[in-house]
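The data block below is data.cif; it holds mmCIF, N, CA and C atoms.
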data_entry
loop_
_atom_site.label_atom_id
_atom_site.label_comp_id
_atom_site.auth_asym_id
_atom_site.auth_seq_id
_atom_site.Cartn_x
_atom_site.Cartn_y
_atom_site.Cartn_z
N MET B 18 -55.63 240.10 53.15
CA MET B 18 -54.33 240.41 53.71
C MET B 18 -53.95 241.84 53.32
N LYS B 19 -53.31 242.53 54.24
CA LYS B 19 -52.78 243.87 53.96
C LYS B 19 -51.38 243.71 53.39
N VAL B 20 -51.19 244.16 52.16
CA VAL B 20 -49.93 243.99 51.43
C VAL B 20 -49.33 245.35 51.11
N SER B 21 -48.04 245.49 51.34
CA SER B 21 -47.30 246.67 50.89
C SER B 21 -46.32 246.23 49.82
N LEU B 22 -46.52 246.71 48.61
CA LEU B 22 -45.56 246.48 47.53
C LEU B 22 -44.50 247.57 47.63
N ILE B 23 -43.26 247.17 47.81
CA ILE B 23 -42.16 248.12 47.97
C ILE B 23 -41.32 248.08 46.71
N LEU B 24 -41.27 249.20 45.99
CA LEU B 24 -40.55 249.26 44.73
C LEU B 24 -39.14 249.79 44.94
N ALA B 25 -38.18 249.04 44.45
CA ALA B 25 -36.77 249.45 44.48
C ALA B 25 -36.26 249.30 43.05
N SER B 26 -36.47 250.33 42.25
CA SER B 26 -36.24 250.26 40.80
C SER B 26 -34.78 250.55 40.42
N TYR B 27 -33.90 249.70 40.88
CA TYR B 27 -32.46 249.86 40.61
C TYR B 27 -31.88 248.60 40.01
N ASP B 28 -30.84 248.78 39.22
CA ASP B 28 -30.03 247.69 38.70
C ASP B 28 -28.59 248.16 38.68
N SER B 29 -27.76 247.52 39.47
CA SER B 29 -26.32 247.84 39.52
C SER B 29 -26.06 249.32 39.75
N GLY B 30 -26.84 249.92 40.63
CA GLY B 30 -26.66 251.32 40.97
C GLY B 30 -27.38 252.30 40.07
N HIS B 31 -28.05 251.81 39.03
CA HIS B 31 -28.72 252.69 38.07
C HIS B 31 -30.22 252.68 38.32
N TYR B 32 -30.76 253.87 38.56
CA TYR B 32 -32.19 254.04 38.82
C TYR B 32 -32.98 253.86 37.53
N HIS B 33 -33.93 252.96 37.54
CA HIS B 33 -34.79 252.63 36.40
C HIS B 33 -33.99 252.14 35.20
N GLY B 34 -32.79 251.63 35.41
CA GLY B 34 -32.00 251.09 34.32
C GLY B 34 -32.05 249.58 34.30
N GLY B 35 -31.90 248.98 33.15
CA GLY B 35 -31.84 247.53 33.04
C GLY B 35 -32.97 246.83 33.77
N MET B 36 -32.60 245.90 34.66
CA MET B 36 -33.58 245.15 35.43
C MET B 36 -34.34 246.04 36.41
N GLY B 37 -33.84 247.24 36.65
CA GLY B 37 -34.53 248.19 37.52
C GLY B 37 -35.87 248.64 36.96
N GLN B 38 -36.13 248.31 35.71
CA GLN B 38 -37.42 248.61 35.10
C GLN B 38 -38.48 247.56 35.45
N GLY B 39 -38.03 246.44 36.02
CA GLY B 39 -38.93 245.33 36.34
C GLY B 39 -40.06 245.67 37.29
N PRO B 40 -39.78 246.34 38.43
CA PRO B 40 -40.87 246.68 39.34
C PRO B 40 -41.97 247.51 38.67
N ASP B 41 -41.59 248.50 37.88
CA ASP B 41 -42.59 249.32 37.19
C ASP B 41 -43.38 248.48 36.18
N ALA B 42 -42.71 247.55 35.52
CA ALA B 42 -43.39 246.70 34.55
C ALA B 42 -44.44 245.82 35.24
N LEU B 43 -44.11 245.33 36.43
CA LEU B 43 -45.09 244.53 37.17
C LEU B 43 -46.30 245.36 37.59
N ILE B 44 -46.04 246.59 38.02
CA ILE B 44 -47.14 247.47 38.40
C ILE B 44 -47.97 247.83 37.16
N SER B 45 -47.31 248.21 36.07
CA SER B 45 -48.01 248.56 34.83
C SER B 45 -48.78 247.36 34.28
N GLY B 46 -48.26 246.18 34.53
CA GLY B 46 -48.90 244.96 34.03
C GLY B 46 -50.12 244.53 34.83
N GLY B 47 -50.45 245.26 35.89
CA GLY B 47 -51.68 244.97 36.61
C GLY B 47 -51.55 244.24 37.93
N LEU B 48 -50.36 244.21 38.51
CA LEU B 48 -50.17 243.49 39.77
C LEU B 48 -51.09 244.00 40.88
N VAL B 49 -51.18 245.32 41.01
CA VAL B 49 -52.03 245.89 42.07
C VAL B 49 -53.49 245.48 41.86
N ASP B 50 -53.97 245.59 40.63
CA ASP B 50 -55.35 245.21 40.34
C ASP B 50 -55.59 243.73 40.62
N ALA B 51 -54.64 242.89 40.23
CA ALA B 51 -54.80 241.45 40.45
C ALA B 51 -54.86 241.11 41.94
N LEU B 52 -53.98 241.73 42.73
CA LEU B 52 -53.99 241.47 44.17
C LEU B 52 -55.26 242.03 44.82
N THR B 53 -55.70 243.18 44.35
CA THR B 53 -56.93 243.78 44.88
C THR B 53 -58.14 242.90 44.56
N LEU B 54 -58.21 242.41 43.32
CA LEU B 54 -59.31 241.53 42.93
C LEU B 54 -59.30 240.23 43.74
N ALA B 55 -58.13 239.83 44.19
CA ALA B 55 -58.01 238.61 45.01
C ALA B 55 -58.38 238.89 46.47
N GLY B 56 -58.77 240.14 46.75
CA GLY B 56 -59.24 240.47 48.09
C GLY B 56 -58.23 241.10 49.02
N HIS B 57 -57.07 241.48 48.50
CA HIS B 57 -56.02 242.06 49.34
C HIS B 57 -56.12 243.59 49.36
N ASP B 58 -55.74 244.16 50.48
CA ASP B 58 -55.63 245.61 50.65
C ASP B 58 -54.20 245.96 50.28
N VAL B 59 -54.00 246.63 49.14
CA VAL B 59 -52.65 246.85 48.59
C VAL B 59 -52.27 248.32 48.62
N THR B 60 -51.06 248.59 49.11
CA THR B 60 -50.45 249.90 48.98
C THR B 60 -49.14 249.73 48.21
N VAL B 61 -48.73 250.79 47.55
CA VAL B 61 -47.47 250.78 46.81
C VAL B 61 -46.57 251.85 47.41
N GLU B 62 -45.39 251.45 47.84
CA GLU B 62 -44.39 252.36 48.39
C GLU B 62 -43.17 252.30 47.48
N ASP B 63 -42.73 253.43 46.98
CA ASP B 63 -41.57 253.49 46.09
C ASP B 63 -40.44 254.17 46.84
N ILE B 64 -39.28 253.52 46.94
CA ILE B 64 -38.16 254.14 47.66
C ILE B 64 -37.61 255.33 46.90
N GLY B 65 -37.92 255.43 45.60
CA GLY B 65 -37.43 256.54 44.79
C GLY B 65 -35.92 256.54 44.66
N ARG B 66 -35.36 257.69 44.37
CA ARG B 66 -33.89 257.82 44.26
C ARG B 66 -33.28 257.85 45.65
N VAL B 67 -32.18 257.17 45.80
CA VAL B 67 -31.46 257.15 47.07
C VAL B 67 -30.00 257.52 46.83
N GLY B 68 -29.32 257.92 47.89
CA GLY B 68 -27.90 258.26 47.77
C GLY B 68 -27.70 259.51 46.93
N ASP B 69 -26.49 259.63 46.42
CA ASP B 69 -26.20 260.78 45.56
C ASP B 69 -26.54 260.42 44.12
N ASP B 70 -26.28 261.32 43.20
CA ASP B 70 -26.63 261.08 41.80
C ASP B 70 -25.53 260.39 41.01
N GLN B 71 -24.52 259.84 41.67
CA GLN B 71 -23.39 259.24 40.99
C GLN B 71 -23.70 257.85 40.42
N GLU B 72 -24.73 257.19 40.92
CA GLU B 72 -25.11 255.85 40.48
C GLU B 72 -23.92 254.88 40.50
N ARG B 73 -23.25 254.84 41.64
CA ARG B 73 -22.14 253.90 41.82
C ARG B 73 -22.72 252.60 42.34
N GLU B 74 -22.32 251.49 41.75
CA GLU B 74 -22.94 250.21 42.07
C GLU B 74 -22.90 249.86 43.55
N ILE B 75 -21.75 249.91 44.17
CA ILE B 75 -21.64 249.46 45.55
C ILE B 75 -22.29 250.44 46.51
N ALA B 76 -21.93 251.72 46.44
CA ALA B 76 -22.50 252.71 47.36
C ALA B 76 -24.01 252.81 47.19
N THR B 77 -24.47 252.86 45.96
CA THR B 77 -25.91 252.95 45.72
C THR B 77 -26.60 251.66 46.12
N GLY B 78 -25.98 250.52 45.86
CA GLY B 78 -26.57 249.24 46.25
C GLY B 78 -26.85 249.16 47.74
N PHE B 79 -25.91 249.61 48.55
CA PHE B 79 -26.12 249.58 50.00
C PHE B 79 -27.11 250.66 50.44
N ALA B 80 -27.15 251.80 49.75
CA ALA B 80 -28.16 252.83 50.05
C ALA B 80 -29.56 252.30 49.75
N VAL B 81 -29.70 251.56 48.66
CA VAL B 81 -30.99 250.93 48.33
C VAL B 81 -31.38 249.94 49.42
N CYS B 82 -30.43 249.13 49.87
CA CYS B 82 -30.71 248.17 50.94
C CYS B 82 -31.21 248.87 52.20
N ASN B 83 -30.59 249.96 52.56
CA ASN B 83 -31.01 250.70 53.75
C ASN B 83 -32.41 251.27 53.58
N ALA B 84 -32.71 251.81 52.40
CA ALA B 84 -34.04 252.36 52.14
C ALA B 84 -35.10 251.26 52.18
N VAL B 85 -34.80 250.13 51.57
CA VAL B 85 -35.75 249.01 51.56
C VAL B 85 -35.95 248.47 52.98
N SER B 86 -34.86 248.36 53.72
CA SER B 86 -34.96 247.89 55.11
C SER B 86 -35.93 248.76 55.90
N GLY B 87 -35.82 250.07 55.74
CA GLY B 87 -36.71 250.99 56.43
C GLY B 87 -38.16 250.83 56.01
N GLU B 88 -38.41 250.68 54.71
CA GLU B 88 -39.78 250.51 54.22
C GLU B 88 -40.39 249.19 54.69
N VAL B 89 -39.58 248.15 54.75
CA VAL B 89 -40.07 246.86 55.24
C VAL B 89 -40.46 246.98 56.71
N ARG B 90 -39.63 247.65 57.50
CA ARG B 90 -39.95 247.86 58.91
C ARG B 90 -41.25 248.64 59.08
N ILE B 91 -41.41 249.70 58.29
CA ILE B 91 -42.63 250.50 58.36
C ILE B 91 -43.85 249.63 58.03
N ALA B 92 -43.74 248.85 56.96
CA ALA B 92 -44.86 247.97 56.57
C ALA B 92 -45.20 247.02 57.71
N ARG B 93 -44.21 246.39 58.28
CA ARG B 93 -44.46 245.43 59.37
C ARG B 93 -45.06 246.13 60.60
N ASP B 94 -44.56 247.32 60.90
CA ASP B 94 -45.11 248.08 62.03
C ASP B 94 -46.58 248.43 61.82
N ARG B 95 -46.98 248.54 60.57
CA ARG B 95 -48.38 248.87 60.23
C ARG B 95 -49.23 247.61 60.04
N GLY B 96 -48.66 246.45 60.34
CA GLY B 96 -49.41 245.21 60.21
C GLY B 96 -49.60 244.76 58.78
N ARG B 97 -48.67 245.15 57.89
CA ARG B 97 -48.77 244.81 56.47
C ARG B 97 -47.72 243.77 56.11
N PHE B 98 -48.00 243.01 55.07
CA PHE B 98 -47.06 242.02 54.55
C PHE B 98 -46.24 242.67 53.45
N PRO B 99 -44.92 242.83 53.67
CA PRO B 99 -44.11 243.52 52.65
C PRO B 99 -43.69 242.57 51.52
N ILE B 100 -43.87 243.06 50.31
CA ILE B 100 -43.35 242.37 49.13
C ILE B 100 -42.45 243.36 48.42
N VAL B 101 -41.16 243.03 48.31
CA VAL B 101 -40.19 243.92 47.70
C VAL B 101 -40.02 243.53 46.24
N LEU B 102 -40.23 244.49 45.35
CA LEU B 102 -40.01 244.31 43.92
C LEU B 102 -38.76 245.10 43.55
N ALA B 103 -37.75 244.39 43.10
CA ALA B 103 -36.46 245.03 42.85
C ALA B 103 -35.81 244.48 41.59
N GLY B 104 -34.90 245.24 41.05
CA GLY B 104 -34.14 244.80 39.89
C GLY B 104 -32.72 244.42 40.26
N ASN B 105 -32.39 244.52 41.52
CA ASN B 105 -31.05 244.30 42.01
C ASN B 105 -31.06 243.19 43.05
N CYS B 106 -30.24 242.18 42.86
CA CYS B 106 -30.23 241.04 43.78
C CYS B 106 -29.85 241.43 45.21
N LEU B 107 -28.91 242.34 45.36
CA LEU B 107 -28.45 242.72 46.69
C LEU B 107 -29.58 243.29 47.53
N THR B 108 -30.62 243.84 46.91
CA THR B 108 -31.74 244.43 47.62
C THR B 108 -32.36 243.44 48.60
N SER B 109 -32.22 242.16 48.33
CA SER B 109 -32.75 241.14 49.23
C SER B 109 -32.17 241.27 50.63
N ALA B 110 -30.93 241.71 50.73
CA ALA B 110 -30.31 241.88 52.05
C ALA B 110 -31.04 242.97 52.84
N GLY B 111 -31.47 244.02 52.18
CA GLY B 111 -32.26 245.06 52.83
C GLY B 111 -33.62 244.56 53.26
N ALA B 112 -34.23 243.73 52.42
CA ALA B 112 -35.54 243.17 52.75
C ALA B 112 -35.45 242.28 53.99
N VAL B 113 -34.44 241.45 54.04
CA VAL B 113 -34.26 240.55 55.19
C VAL B 113 -33.92 241.35 56.44
N ALA B 114 -33.08 242.36 56.31
CA ALA B 114 -32.70 243.18 57.47
C ALA B 114 -33.91 243.90 58.04
N GLY B 115 -34.78 244.38 57.18
CA GLY B 115 -35.96 245.11 57.64
C GLY B 115 -36.98 244.23 58.33
N GLU B 116 -37.03 243.00 57.96
CA GLU B 116 -38.01 242.09 58.50
C GLU B 116 -37.46 241.31 59.68
N GLY B 117 -36.13 241.15 59.72
CA GLY B 117 -35.59 240.21 60.69
C GLY B 117 -36.06 238.82 60.27
N ALA B 118 -36.17 238.63 58.96
CA ALA B 118 -36.79 237.42 58.40
C ALA B 118 -35.97 236.17 58.64
N ASP B 119 -36.68 235.09 58.83
CA ASP B 119 -36.02 233.79 58.88
C ASP B 119 -36.37 232.99 57.63
N ALA B 120 -37.08 233.63 56.69
CA ALA B 120 -37.42 232.98 55.43
C ALA B 120 -37.55 234.05 54.35
N ILE B 121 -37.23 233.67 53.13
CA ILE B 121 -37.36 234.58 51.99
C ILE B 121 -37.66 233.74 50.76
N ILE B 122 -38.49 234.26 49.89
CA ILE B 122 -38.73 233.61 48.60
C ILE B 122 -37.76 234.22 47.62
N TRP B 123 -36.91 233.39 47.04
CA TRP B 123 -35.85 233.87 46.15
C TRP B 123 -36.21 233.50 44.72
N ALA B 124 -36.52 234.49 43.89
CA ALA B 124 -36.85 234.24 42.48
C ALA B 124 -35.78 234.93 41.64
N ASP B 125 -34.84 234.16 41.17
CA ASP B 125 -33.71 234.70 40.43
C ASP B 125 -33.20 233.62 39.48
N GLN B 126 -32.41 234.03 38.51
CA GLN B 126 -31.90 233.07 37.54
C GLN B 126 -30.61 232.38 37.98
N HIS B 127 -30.01 232.86 39.04
CA HIS B 127 -28.77 232.26 39.53
C HIS B 127 -28.75 232.34 41.05
N GLY B 128 -27.82 231.64 41.67
CA GLY B 128 -27.82 231.47 43.11
C GLY B 128 -27.32 232.63 43.95
N ASP B 129 -26.49 233.49 43.39
CA ASP B 129 -25.95 234.65 44.12
C ASP B 129 -25.20 234.25 45.39
N LEU B 130 -24.52 233.13 45.35
CA LEU B 130 -23.82 232.63 46.54
C LEU B 130 -22.33 232.92 46.54
N ASN B 131 -21.85 233.72 45.61
CA ASN B 131 -20.43 234.05 45.60
C ASN B 131 -20.05 234.92 46.79
N THR B 132 -18.79 234.87 47.13
CA THR B 132 -18.18 235.79 48.09
C THR B 132 -17.08 236.52 47.32
N PRO B 133 -16.47 237.55 47.90
CA PRO B 133 -15.39 238.22 47.18
C PRO B 133 -14.27 237.24 46.76
N GLU B 134 -14.07 236.20 47.55
CA GLU B 134 -13.01 235.24 47.24
C GLU B 134 -13.40 234.27 46.12
N THR B 135 -14.68 234.00 45.95
CA THR B 135 -15.10 233.01 44.95
C THR B 135 -15.63 233.63 43.67
N SER B 136 -15.85 234.95 43.66
CA SER B 136 -16.42 235.61 42.50
C SER B 136 -15.36 235.80 41.42
N VAL B 137 -15.66 235.36 40.23
CA VAL B 137 -14.75 235.53 39.10
C VAL B 137 -14.67 236.99 38.68
N TYR B 138 -15.83 237.69 38.70
CA TYR B 138 -15.90 239.05 38.20
C TYR B 138 -15.98 240.12 39.28
N GLY B 139 -16.20 239.73 40.52
CA GLY B 139 -16.35 240.70 41.59
C GLY B 139 -17.69 241.42 41.57
N PHE B 140 -18.68 240.83 40.90
CA PHE B 140 -20.01 241.42 40.74
C PHE B 140 -20.76 241.33 42.07
N LEU B 141 -21.08 242.49 42.64
CA LEU B 141 -21.70 242.55 43.95
C LEU B 141 -23.02 241.79 44.01
N ASP B 142 -23.86 241.92 42.98
CA ASP B 142 -25.14 241.21 42.99
C ASP B 142 -24.97 239.70 43.03
N GLY B 143 -23.87 239.20 42.53
CA GLY B 143 -23.60 237.77 42.59
C GLY B 143 -23.26 237.29 43.99
N MET B 144 -23.18 238.23 44.93
CA MET B 144 -22.88 237.91 46.33
C MET B 144 -24.08 238.16 47.25
N ALA B 145 -25.24 238.42 46.66
CA ALA B 145 -26.41 238.83 47.45
C ALA B 145 -26.86 237.77 48.45
N LEU B 146 -27.08 236.56 48.01
CA LEU B 146 -27.58 235.54 48.92
C LEU B 146 -26.53 235.14 49.95
N SER B 147 -25.26 235.13 49.57
CA SER B 147 -24.22 234.83 50.55
C SER B 147 -24.17 235.92 51.62
N THR B 148 -24.49 237.17 51.24
CA THR B 148 -24.56 238.26 52.21
C THR B 148 -25.71 238.03 53.18
N VAL B 149 -26.88 237.68 52.63
CA VAL B 149 -28.06 237.42 53.45
C VAL B 149 -27.81 236.25 54.41
N LEU B 150 -27.13 235.23 53.93
CA LEU B 150 -26.88 234.04 54.74
C LEU B 150 -25.70 234.20 55.70
N GLY B 151 -24.98 235.32 55.60
CA GLY B 151 -23.86 235.57 56.49
C GLY B 151 -22.62 234.74 56.16
N LEU B 152 -22.49 234.31 54.90
CA LEU B 152 -21.35 233.49 54.50
C LEU B 152 -20.04 234.28 54.46
N LYS B 153 -20.16 235.59 54.35
CA LYS B 153 -18.99 236.46 54.39
C LYS B 153 -19.23 237.49 55.49
N PRO B 154 -18.84 237.16 56.71
CA PRO B 154 -19.10 238.09 57.83
C PRO B 154 -18.60 239.50 57.51
N GLY B 155 -19.42 240.47 57.87
CA GLY B 155 -19.04 241.86 57.68
C GLY B 155 -19.62 242.50 56.43
N MET B 156 -20.01 241.71 55.42
CA MET B 156 -20.53 242.30 54.19
C MET B 156 -21.83 243.06 54.42
N ALA B 157 -22.62 242.61 55.35
CA ALA B 157 -23.93 243.25 55.58
C ALA B 157 -23.87 244.33 56.66
N ASP B 158 -22.68 244.64 57.16
CA ASP B 158 -22.56 245.62 58.24
C ASP B 158 -23.06 247.00 57.84
N ALA B 159 -23.05 247.32 56.54
CA ALA B 159 -23.48 248.64 56.09
C ALA B 159 -25.00 248.75 55.98
N ILE B 160 -25.70 247.64 56.25
CA ILE B 160 -27.16 247.63 56.17
C ILE B 160 -27.72 247.65 57.59
N GLY B 161 -28.60 248.60 57.86
CA GLY B 161 -29.17 248.73 59.20
C GLY B 161 -29.92 247.51 59.66
#

Entire entry expressed as structure tokens:
Amino acid sequence: MKVSLILASYDSGHYHGGMGQGPDALISGGLVDALTLAGHDVTVEDIGRVGDDQEREIATGFAVCNAVSGEVRIARDRGRFPIVLAGNCLTSAGAVAGEGADAIIWADQHGDLNTPETSVYGFLDGMALSTVLGLKPGMADAIG
């Protein structure tokens, strides 16, 4: 299988901060080698820094989604299977938007089903899956 690993190394708007170090750790830990040994043709695409240098959670989060959406589309156009490695839950909305996906594998420690009305803390990442599922119409409008 042709696989594109798409790295989005962000956590709450911070590049390579906190959980944003996860994608690099997976690559350093041998993910590419393991997939290659299993017979897959693997490329690694890194979205790099996006947006301005302010590292604002909401603005940067949606900029990451847009960048990931574009990389997923490129991978699919090239006949590749996109796998997005991210440290930010909201990035899933960009992955789904880029694929037009009707399925996603969700590996997270919590459900991310909050909306602005149900969130105790207003944490954007806690609203990621509800955004993907369209539970709060309009939240995903900023993602292409």

Residues within 9 Å of region 20-25 of chain B, please, as a ChimeraX atom specification. Count only C-alpha atoms; anything in the same chain fewer than 4 positions from it doesn't count.
/B:32-33,37,40-41,49,52,57-66,81-82,84-85,88-89,92,96-105,108

Using Å and a single decimal, report how far CA of Asn131 (chain B) sits from CA of Ala145 (chain B).
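Here the two named atoms are 7.9 Å from each other.
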
Which residues fall under the PyMOL selection byres ((chain B and resi 111) around 7) in this file, as a list in words?
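This file gives the following for the PyMOL selection byres ((chain B and resi 111) around 7): Val81, Cys82, Asn83, Ala84, Val85, Ser86, Gly87, Leu107, Thr108, Ser109, Ala110, Ala112, Val113, Ala114, Gly115, Glu116 and Ile160 of chain B.
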
By how many Å are CA of Met144 (chain B) and atom N of Thr132 (chain B) apart?
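So the two atoms, CA of Met144 (chain B) and atom N of Thr132 (chain B), lie 5.2 Å apart.
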
For a test of reading the model, state the distance in Å between CA of Ser147 (chain B) and CA of Phe79 (chain B), rounded to one decimal.
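Straight-line distance from CA of Ser147 (chain B) to CA of Phe79 (chain B) works out to 14.9 Å.
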
Please identify which residues in chain B DSSP calls alpha helix (DSSP H) from the backbone, and express them as a ChimeraX atom specification.
/B:39-45,48-54,74-94,108-116,145-149

Show which residues sit within 8 Å of Gly56 (chain B), as a list in words. Count all atoms listed in the file, and ignore same-chain residues fewer than 6 positions away.
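Listed by chain and then number, they are Met18, Lys19 and Asp50 of chain B.
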
Residues of chain B in strand (DSSP E), written as a compact mmCIF listing (two decimals) with N, CA and C atoms, in the coordinates of the input:
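Below you can see result-v6.txt, which holds the result:
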# COMPACT_ATOMS: atom_id res chain seq x y z
N LYS B 19 -53.31 242.53 54.24
CA LYS B 19 -52.78 243.87 53.96
C LYS B 19 -51.38 243.71 53.39
N VAL B 20 -51.19 244.16 52.16
CA VAL B 20 -49.93 243.99 51.43
C VAL B 20 -49.33 245.35 51.11
N SER B 21 -48.04 245.49 51.34
CA SER B 21 -47.30 246.67 50.89
C SER B 21 -46.32 246.23 49.82
N LEU B 22 -46.52 246.71 48.61
CA LEU B 22 -45.56 246.48 47.53
C LEU B 22 -44.50 247.57 47.63
N ILE B 23 -43.26 247.17 47.81
CA ILE B 23 -42.16 248.12 47.97
C ILE B 23 -41.32 248.08 46.71
N LEU B 24 -41.27 249.20 45.99
CA LEU B 24 -40.55 249.26 44.73
C LEU B 24 -39.14 249.79 44.94
N ALA B 25 -38.18 249.04 44.45
CA ALA B 25 -36.77 249.45 44.48
C ALA B 25 -36.26 249.30 43.05
N TYR B 27 -33.90 249.70 40.88
CA TYR B 27 -32.46 249.86 40.61
C TYR B 27 -31.88 248.60 40.01
N ASP B 28 -30.84 248.78 39.22
CA ASP B 28 -30.03 247.69 38.70
C ASP B 28 -28.59 248.16 38.68
N HIS B 31 -28.05 251.81 39.03
CA HIS B 31 -28.72 252.69 38.07
C HIS B 31 -30.22 252.68 38.32
N TYR B 32 -30.76 253.87 38.56
CA TYR B 32 -32.19 254.04 38.82
C TYR B 32 -32.98 253.86 37.53
N ASP B 58 -55.74 244.16 50.48
CA ASP B 58 -55.63 245.61 50.65
C ASP B 58 -54.20 245.96 50.28
N VAL B 59 -54.00 246.63 49.14
CA VAL B 59 -52.65 246.85 48.59
C VAL B 59 -52.27 248.32 48.62
N THR B 60 -51.06 248.59 49.11
CA THR B 60 -50.45 249.90 48.98
C THR B 60 -49.14 249.73 48.21
N VAL B 61 -48.73 250.79 47.55
CA VAL B 61 -47.47 250.78 46.81
C VAL B 61 -46.57 251.85 47.41
N GLU B 62 -45.39 251.45 47.84
CA GLU B 62 -44.39 252.36 48.39
C GLU B 62 -43.17 252.30 47.48
N ASP B 63 -42.73 253.43 46.98
CA ASP B 63 -41.57 253.49 46.09
C ASP B 63 -40.44 254.17 46.84
N PHE B 98 -48.00 243.01 55.07
CA PHE B 98 -47.06 242.02 54.55
C PHE B 98 -46.24 242.67 53.45
N PRO B 99 -44.92 242.83 53.67
CA PRO B 99 -44.11 243.52 52.65
C PRO B 99 -43.69 242.57 51.52
N ILE B 100 -43.87 243.06 50.31
CA ILE B 100 -43.35 242.37 49.13
C ILE B 100 -42.45 243.36 48.42
N VAL B 101 -41.16 243.03 48.31
CA VAL B 101 -40.19 243.92 47.70
C VAL B 101 -40.02 243.53 46.24
N LEU B 102 -40.23 244.49 45.35
CA LEU B 102 -40.01 244.31 43.92
C LEU B 102 -38.76 245.10 43.55
N ALA B 103 -37.75 244.39 43.10
CA ALA B 103 -36.46 245.03 42.85
C ALA B 103 -35.81 244.48 41.59

Exercise: region 73-77 of chain B partners within 5 Å, all atoms listed in the file, chain neighbours under 3 positions left out, as a PyMOL selection string:
chain B and resi 29-30+80-81

Which is closest to Tyr27 (chain B) among B:Ser136, B:Cys106, B:Ala42, B:Arg93, if we use only N, CA and C atoms?
B:Cys106

Let me make sure I understand: among B:His31, B:Ser26, B:Thr148, B:Gln38, which one has the smallest atom-to-atom distance to Gln71 (chain B) if we use only C-alpha atoms?
B:His31
